[in-house]
file start_14.cif (mmCIF, C-alpha atoms)
data_work
#
loop_
_atom_site.group_PDB
_atom_site.id
_atom_site.type_symbol
_atom_site.label_atom_id
_atom_site.label_comp_id
_atom_site.auth_asym_id
_atom_site.auth_seq_id
_atom_site.Cartn_x
_atom_site.Cartn_y
_atom_site.Cartn_z
ATOM 1 C CA MET A 3 -153.409 -118.988 76.957
ATOM 2 C CA GLN A 4 -156.327 -117.541 78.862
ATOM 3 C CA ILE A 5 -158.076 -114.272 78.094
ATOM 4 C CA THR A 6 -159.993 -112.616 80.878
ATOM 5 C CA CYS A 7 -162.501 -109.808 80.551
ATOM 6 C CA PRO A 8 -164.418 -108.163 83.399
ATOM 7 C CA SER A 9 -167.349 -107.238 81.152
ATOM 8 C CA ALA A 10 -168.660 -107.492 77.604
ATOM 9 C CA SER A 11 -171.994 -106.737 75.949
ATOM 10 C CA LEU A 12 -173.947 -108.104 73.020
ATOM 11 C CA THR A 13 -177.107 -106.567 71.573
ATOM 12 C CA ALA A 14 -179.613 -107.889 69.055
ATOM 13 C CA GLN A 15 -182.785 -106.458 67.569
ATOM 14 C CA GLU A 16 -185.877 -108.074 66.070
ATOM 15 C CA LEU A 17 -185.057 -111.535 67.398
ATOM 16 C CA THR A 18 -187.643 -114.186 66.467
ATOM 17 C CA LEU A 19 -187.882 -117.496 68.329
ATOM 18 C CA GLY A 20 -189.535 -119.719 65.741
ATOM 19 C CA ASP A 21 -193.236 -118.985 65.709
ATOM 20 C CA GLN A 22 -193.358 -118.565 69.494
ATOM 21 C CA ILE A 23 -192.360 -114.991 70.192
ATOM 22 C CA ALA A 24 -190.697 -111.982 68.571
ATOM 23 C CA ILE A 25 -188.414 -109.947 70.819
ATOM 24 C CA GLN A 26 -187.848 -106.326 69.944
ATOM 25 C CA HIS A 27 -184.491 -105.927 71.635
ATOM 26 C CA VAL A 28 -182.075 -108.083 73.649
ATOM 27 C CA THR A 29 -178.999 -106.984 75.563
ATOM 28 C CA LEU A 30 -176.630 -109.562 77.068
ATOM 29 C CA ASP A 31 -174.152 -108.213 79.606
ATOM 30 C CA CYS A 32 -171.447 -110.774 80.362
ATOM 31 C CA THR A 33 -169.150 -110.511 83.379
ATOM 32 C CA ASN A 34 -166.134 -112.392 84.701
ATOM 33 C CA LEU A 35 -165.363 -113.901 81.324
ATOM 34 C CA THR A 36 -162.510 -116.375 81.039
ATOM 35 C CA ILE A 37 -161.740 -117.730 77.572
ATOM 36 C CA SER A 38 -159.034 -120.173 76.559
ATOM 37 C CA VAL A 39 -157.441 -119.709 73.145
ATOM 38 C CA PRO A 40 -157.254 -121.255 70.717
ATOM 39 C CA LEU A 41 -160.922 -121.981 71.199
ATOM 40 C CA GLY A 42 -161.463 -125.545 72.317
ATOM 41 C CA SER A 43 -158.194 -125.763 74.215
ATOM 42 C CA GLY A 44 -159.814 -125.241 77.614
ATOM 43 C CA VAL A 45 -162.727 -123.851 79.544
ATOM 44 C CA ALA A 46 -164.589 -120.609 78.916
ATOM 45 C CA THR A 47 -166.905 -119.348 81.639
ATOM 46 C CA GLY A 48 -168.883 -116.286 82.575
ATOM 47 C CA GLU A 49 -172.091 -114.879 83.983
ATOM 48 C CA VAL A 50 -174.806 -113.446 81.764
ATOM 49 C CA ALA A 51 -177.406 -110.809 82.572
ATOM 50 C CA ALA A 52 -180.117 -110.458 79.930
ATOM 51 C CA ARG A 53 -182.448 -107.546 79.296
ATOM 52 C CA ILE A 54 -185.346 -108.422 76.981
ATOM 53 C CA VAL A 55 -187.808 -105.964 75.479
ATOM 54 C CA ILE A 56 -191.186 -107.118 74.121
ATOM 55 C CA ASN A 57 -193.304 -104.482 72.450
ATOM 56 C CA GLU A 58 -197.025 -103.916 72.795
ATOM 57 C CA ARG A 59 -197.844 -105.176 69.309
ATOM 58 C CA GLU A 60 -196.208 -108.541 69.969
ATOM 59 C CA LEU A 61 -197.929 -108.929 73.323
ATOM 60 C CA ASN A 62 -201.255 -108.279 71.626
ATOM 61 C CA ARG A 63 -200.447 -110.938 69.035
ATOM 62 C CA LEU A 64 -199.556 -113.493 71.693
ATOM 63 C CA ILE A 65 -202.582 -113.199 73.953
ATOM 64 C CA GLY A 66 -205.030 -112.160 71.252
ATOM 65 C CA ALA A 67 -204.830 -115.426 69.320
ATOM 66 C CA ALA A 68 -208.140 -117.271 69.118
ATOM 67 C CA ASP A 69 -208.565 -120.225 71.476
ATOM 68 C CA ASP A 70 -211.206 -121.913 73.614
ATOM 69 C CA SER A 71 -210.636 -119.798 76.732
ATOM 70 C CA GLY A 72 -213.925 -117.956 76.292
ATOM 71 C CA ILE A 73 -212.114 -114.614 76.063
ATOM 72 C CA ARG A 74 -212.069 -112.763 72.774
ATOM 73 C CA ASP A 75 -211.416 -109.361 71.196
ATOM 74 C CA LEU A 76 -208.501 -108.802 73.557
ATOM 75 C CA SER A 77 -206.518 -105.591 73.393
ATOM 76 C CA VAL A 78 -203.497 -104.817 75.582
ATOM 77 C CA ALA A 79 -202.122 -101.357 76.330
ATOM 78 C CA LEU A 80 -198.782 -101.107 78.147
ATOM 79 C CA MET A 81 -198.551 -98.129 80.473
ATOM 80 C CA THR A 82 -196.139 -97.074 83.171
ATOM 81 C CA GLY A 83 -195.992 -99.892 85.704
ATOM 82 C CA LYS A 84 -199.149 -101.664 84.558
ATOM 83 C CA LEU A 85 -201.198 -103.136 81.712
ATOM 84 C CA ARG A 86 -204.718 -102.266 80.679
ATOM 85 C CA ILE A 87 -206.586 -105.078 78.959
ATOM 86 C CA THR A 88 -209.991 -104.922 77.346
ATOM 87 C CA GLY A 89 -212.002 -107.691 75.778
ATOM 88 C CA ARG A 90 -215.173 -109.736 75.887
ATOM 89 C CA TYR A 91 -215.833 -112.792 78.018
ATOM 90 C CA GLU A 92 -218.341 -115.454 77.037
ATOM 91 C CA VAL A 93 -220.732 -116.262 79.883
ATOM 92 C CA MET A 94 -222.502 -119.603 79.629
ATOM 93 C CA LYS A 95 -221.987 -119.473 75.837
ATOM 94 C CA LEU A 96 -224.908 -117.090 75.646
ATOM 95 C CA LEU A 97 -223.491 -113.638 76.172
ATOM 96 C CA ALA A 98 -220.153 -111.931 75.610
ATOM 97 C CA VAL A 99 -219.600 -109.530 78.487
ATOM 98 C CA PRO A 100 -217.306 -106.541 77.795
ATOM 99 C CA PHE A 101 -214.636 -105.991 80.428
ATOM 100 C CA ALA A 102 -211.631 -103.813 81.139
ATOM 101 C CA LEU A 103 -208.982 -104.570 83.714
ATOM 102 C CA VAL A 104 -205.755 -103.179 85.059
ATOM 103 C CA ALA A 105 -203.020 -105.636 86.000
ATOM 104 C CA VAL A 106 -199.423 -105.655 87.162
ATOM 105 C CA PRO A 107 -197.099 -108.342 85.753
ATOM 106 C CA GLU A 108 -195.059 -110.448 88.144
ATOM 107 C CA ILE A 109 -192.564 -113.296 87.913
ATOM 108 C CA VAL A 110 -193.510 -116.727 89.233
ATOM 109 C CA GLY A 111 -191.045 -119.521 89.924
ATOM 110 C CA ASP A 112 -188.159 -117.676 88.218
ATOM 111 C CA SER A 113 -189.518 -118.933 84.909
ATOM 112 C CA HIS A 114 -192.773 -117.333 83.781
ATOM 113 C CA ILE A 115 -194.876 -114.201 83.921
ATOM 114 C CA ARG A 116 -198.383 -113.837 85.289
ATOM 115 C CA LEU A 117 -200.772 -110.946 85.766
ATOM 116 C CA ASP A 118 -201.938 -109.737 89.161
ATOM 117 C CA VAL A 119 -205.337 -108.212 88.423
ATOM 118 C CA GLN A 120 -205.689 -104.957 90.369
ATOM 119 C CA ASP A 121 -208.985 -103.620 89.066
ATOM 120 C CA LEU A 122 -211.818 -104.951 86.894
ATOM 121 C CA SER A 123 -214.806 -103.197 85.422
ATOM 122 C CA VAL A 124 -217.499 -105.057 83.516
ATOM 123 C CA VAL A 125 -220.977 -104.845 82.088
ATOM 124 C CA GLY A 126 -223.176 -107.547 83.579
ATOM 125 C CA ALA A 127 -220.885 -108.436 86.488
ATOM 126 C CA THR A 128 -223.780 -110.053 88.348
ATOM 127 C CA LEU A 129 -224.228 -112.726 85.699
ATOM 128 C CA PRO A 130 -223.358 -116.275 86.840
ATOM 129 C CA GLY A 131 -220.025 -117.743 85.865
ATOM 130 C CA PHE A 132 -218.239 -114.410 85.717
ATOM 131 C CA SER A 133 -215.510 -113.089 88.046
ATOM 132 C CA SER A 134 -212.202 -111.276 87.967
ATOM 133 C CA GLN A 135 -210.515 -114.454 89.171
ATOM 134 C CA ILE A 136 -211.811 -116.423 86.196
ATOM 135 C CA ILE A 137 -210.663 -113.782 83.724
ATOM 136 C CA GLY A 138 -207.272 -113.556 85.417
ATOM 137 C CA GLU A 139 -206.817 -117.324 85.267
ATOM 138 C CA ARG A 140 -207.718 -117.459 81.587
ATOM 139 C CA LEU A 141 -205.352 -114.599 80.720
ATOM 140 C CA ASN A 142 -202.519 -116.128 82.726
ATOM 141 C CA ALA A 143 -203.021 -119.444 80.967
ATOM 142 C CA LYS A 144 -202.489 -117.621 77.678
ATOM 143 C CA LEU A 145 -199.374 -115.875 78.976
ATOM 144 C CA SER A 146 -197.842 -119.085 80.338
ATOM 145 C CA GLU A 147 -197.877 -120.557 76.849
ATOM 146 C CA HIS A 148 -195.624 -117.835 75.490
ATOM 147 C CA LEU A 149 -193.864 -115.987 78.319
ATOM 148 C CA ASN A 150 -192.335 -119.017 80.005
ATOM 149 C CA VAL A 151 -188.591 -119.495 79.541
ATOM 150 C CA GLU A 152 -188.738 -123.181 80.475
ATOM 151 C CA ARG A 153 -191.342 -123.936 77.816
ATOM 152 C CA LEU A 154 -189.367 -121.902 75.295
ATOM 153 C CA GLY A 155 -186.174 -123.777 76.183
ATOM 154 C CA ILE A 156 -184.334 -120.582 77.160
ATOM 155 C CA PRO A 157 -182.047 -121.271 80.145
ATOM 156 C CA LEU A 158 -182.648 -118.021 82.003
ATOM 157 C CA ARG A 159 -183.709 -117.363 85.558
ATOM 158 C CA LEU A 160 -186.097 -114.430 85.473
ATOM 159 C CA VAL A 161 -185.209 -111.847 88.102
ATOM 160 C CA GLY A 162 -187.140 -108.702 87.208
ATOM 161 C CA ILE A 163 -189.955 -107.235 85.159
ATOM 162 C CA SER A 164 -191.226 -103.727 84.518
ATOM 163 C CA VAL A 165 -193.662 -101.977 82.213
ATOM 164 C CA GLU A 166 -193.070 -98.802 80.224
ATOM 165 C CA PRO A 167 -195.418 -97.155 77.731
ATOM 166 C CA GLY A 168 -195.564 -99.495 74.746
ATOM 167 C CA ARG A 169 -193.132 -102.138 75.985
ATOM 168 C CA LEU A 170 -192.507 -104.866 78.536
ATOM 169 C CA LEU A 171 -188.994 -105.202 79.996
ATOM 170 C CA VAL A 172 -187.818 -108.531 81.407
ATOM 171 C CA ARG A 173 -184.488 -109.221 83.118
ATOM 172 C CA GLY A 174 -182.872 -112.621 83.506
ATOM 173 C CA GLU A 175 -179.642 -114.323 84.543
ATOM 174 C CA ALA A 176 -177.699 -117.314 83.257
ATOM 175 C CA THR A 177 -174.335 -119.040 83.622
ATOM 176 C CA LEU A 178 -172.271 -119.603 80.479
ATOM 177 C CA ALA A 179 -169.760 -122.426 80.044
ATOM 178 C CA LEU A 180 -167.758 -123.644 77.057
ATOM 179 C CA TYR A 181 -165.484 -126.606 77.557
ATOM 180 C CA GLN A 182 -163.767 -129.262 75.518
ATOM 181 C CA ARG A 183 -165.063 -132.766 75.852
ATOM 182 C CA ALA A 184 -162.400 -135.432 76.243
ATOM 183 C CA ASP A 185 -163.461 -137.222 73.070
ATOM 184 C CA PRO A 186 -161.287 -138.206 70.128
ATOM 185 C CA ASP A 187 -163.204 -135.819 67.894
ATOM 186 C CA LYS A 188 -162.483 -132.962 70.335
ATOM 187 C CA ALA A 189 -166.052 -131.761 70.148
ATOM 188 C CA LEU A 190 -166.968 -128.616 72.022
ATOM 189 C CA VAL A 191 -169.805 -128.642 74.500
ATOM 190 C CA ARG A 192 -171.629 -125.376 75.079
ATOM 191 C CA THR A 193 -173.982 -124.786 77.952
ATOM 192 C CA LEU A 194 -176.053 -121.872 79.089
ATOM 193 C CA GLN A 195 -177.593 -122.725 82.406
ATOM 194 C CA ARG A 196 -180.165 -121.178 84.713
ATOM 195 C CA PRO A 197 -178.426 -120.247 87.967
ATOM 196 C CA SER A 198 -180.133 -121.363 91.143
ATOM 197 C CA ALA A 199 -182.101 -118.790 93.068
ATOM 198 C CA ASP A 200 -180.416 -117.445 96.173
ATOM 199 C CA PRO A 201 -181.470 -119.320 99.322
ATOM 200 C CA GLY A 202 -184.251 -117.582 101.199
#
call {"tool": "encode", "arguments": {"input": "start_14.cif", "output": "structure tokens"}}
result
Amino acid sequence: MQITCPSASLTAQELTLGDQIAIQHVTLDCTNLTISVPLGSGVATGEVAARIVINERELNRLIGAADDSGIRDLSVALMTGKLRITGRYEVMKLLAVPFALVAVPEIVGDSHIRLDVQDLSVVGATLPGFSSQIIGERLNAKLSEHLNVERLGIPLRLVGISVEPGRLLVRGEATLALYQRADPDKALVRTLQRPSADPG
């Protein structure tokens, strides 16, 4: 017997992916569900739309971790439609130049998030080895380590991103399939796949 359902939703809060990232809230909206019962007797399929919320505290933890990027004392504030980031950038290992920038997040390659730096203010901007491009590249390198669904092994295609006060909202899509493998042990194979981007 097959059960069909035009829509179903699942929500989860405080979801932690190992030591990689903590997600404040996740909503999965499934459409066009077809499920064979008893489970394992046939194919189950559907489309999944995910809405992921990452709060400001977690984003600060992710990009504020110490590394060798030359950027330190980072602080991120999430505002309507944009981020404000302050910190200090080491110039020629001699000075740490304070900076503040405003950036808009964007999705690249359906898989990760980067910052488009809109405005940068600094002290000592004329010093050699210092530019908004360099800071942007260093920050985006940090983000790509954590806000990249391919690196995290999450089979989503990112389709949208927005910023609200105190939180980052990311939307993604996936295709769900559950089918029975033709093996003697009748094992079930579950897949959650990134759908291809629309042509053009």
call {"tool": "resolve_selection", "arguments": {"input": "start_14.cif", "expression": "the PyMOL selection byres ((chain A and resi 31) around 9)", "output": "list in words"}}
result
Ser9, Ala10, Ser11, Leu12, Thr13, Thr29, Leu30, Cys32, Thr33, Glu49, Val50, Ala51, Ala52 and Arg53 of chain A
call {"tool": "resolve_selection", "arguments": {"input": "start_14.cif", "expression": "the PyMOL selection byres ((chain A and resi 116) around 8)", "output": "PyMOL selection string"}}
result
chain A and resi 107-110+114-115+117-118+142+145-146
call {"tool": "resolve_selection", "arguments": {"input": "start_14.cif", "expression": "the PyMOL selection byres ((chain A and resi 46) around 6)", "output": "list in words"}}
result
Thr36, Ile37, Val45, Thr47, Ala179 and Leu180 of chain A
call {"tool": "atom_distance", "arguments": {"input": "start_14.cif", "atom1": "atom CA of A:Ala14", "atom2": "atom CA of A:Ser38"}}
result
25.1 Å
call {"tool": "closest_residue", "arguments": {"input": "start_14.cif", "among": "A:Ile54, A:Leu64, A:Ile137, A:Ile156", "to": "A:Phe101", "atoms": "all atoms listed in the file"}}
result
A:Ile137
call {"tool": "atom_distance", "arguments": {"input": "start_14.cif", "atom1": "atom CA of A:Ser123", "atom2": "atom CA of A:Asn150"}}
result
28.0 Å
call {"tool": "atom_distance", "arguments": {"input": "start_14.cif", "atom1": "atom CA of A:His27", "atom2": "atom CA of A:Val55"}}
result
5.1 Å
call {"tool": "closest_residue", "arguments": {"input": "start_14.cif", "among": "A:Cys7, A:Ala24, A:Val125, A:Ile163", "to": "A:Leu97", "atoms": "all atoms listed in the file"}}
result
A:Val125
call {"tool": "closest_residue", "arguments": {"input": "start_14.cif", "among": "A:Leu149, A:Ile136, A:Val104, A:Val93", "to": "A:Ile65", "atoms": "all atoms listed in the file"}}
result
A:Leu149
call {"tool": "axis_aligned_box", "arguments": {"input": "start_14.cif", "around": "stretch 72-75 of chain A", "padding_each_side": "5 Å", "output": "JSON"}}
result
{"center_x": -212.7, "center_y": -113.7, "center_z": 73.7, "size_x": 12.5, "size_y": 18.6, "size_z": 15.1}
call {"tool": "closest_residue", "arguments": {"input": "start_14.cif", "among": "A:Ser134, A:Ser71, A:Asn34, A:Thr6", "to": "A:Thr177", "atoms": "all atoms listed in the file"}}
result
A:Asn34
call {"tool": "closest_residue", "arguments": {"input": "start_14.cif", "among": "A:Arg140, A:Thr88, A:Leu96, A:Val151", "to": "A:Asp121", "atoms": "all atoms listed in the file"}}
result
A:Thr88
call {"tool": "closest_residue", "arguments": {"input": "start_14.cif", "among": "A:Gln120, A:Ser113, A:Asn62, A:Gln26", "to": "A:Gly162", "atoms": "all atoms listed in the file"}}
result
A:Ser113
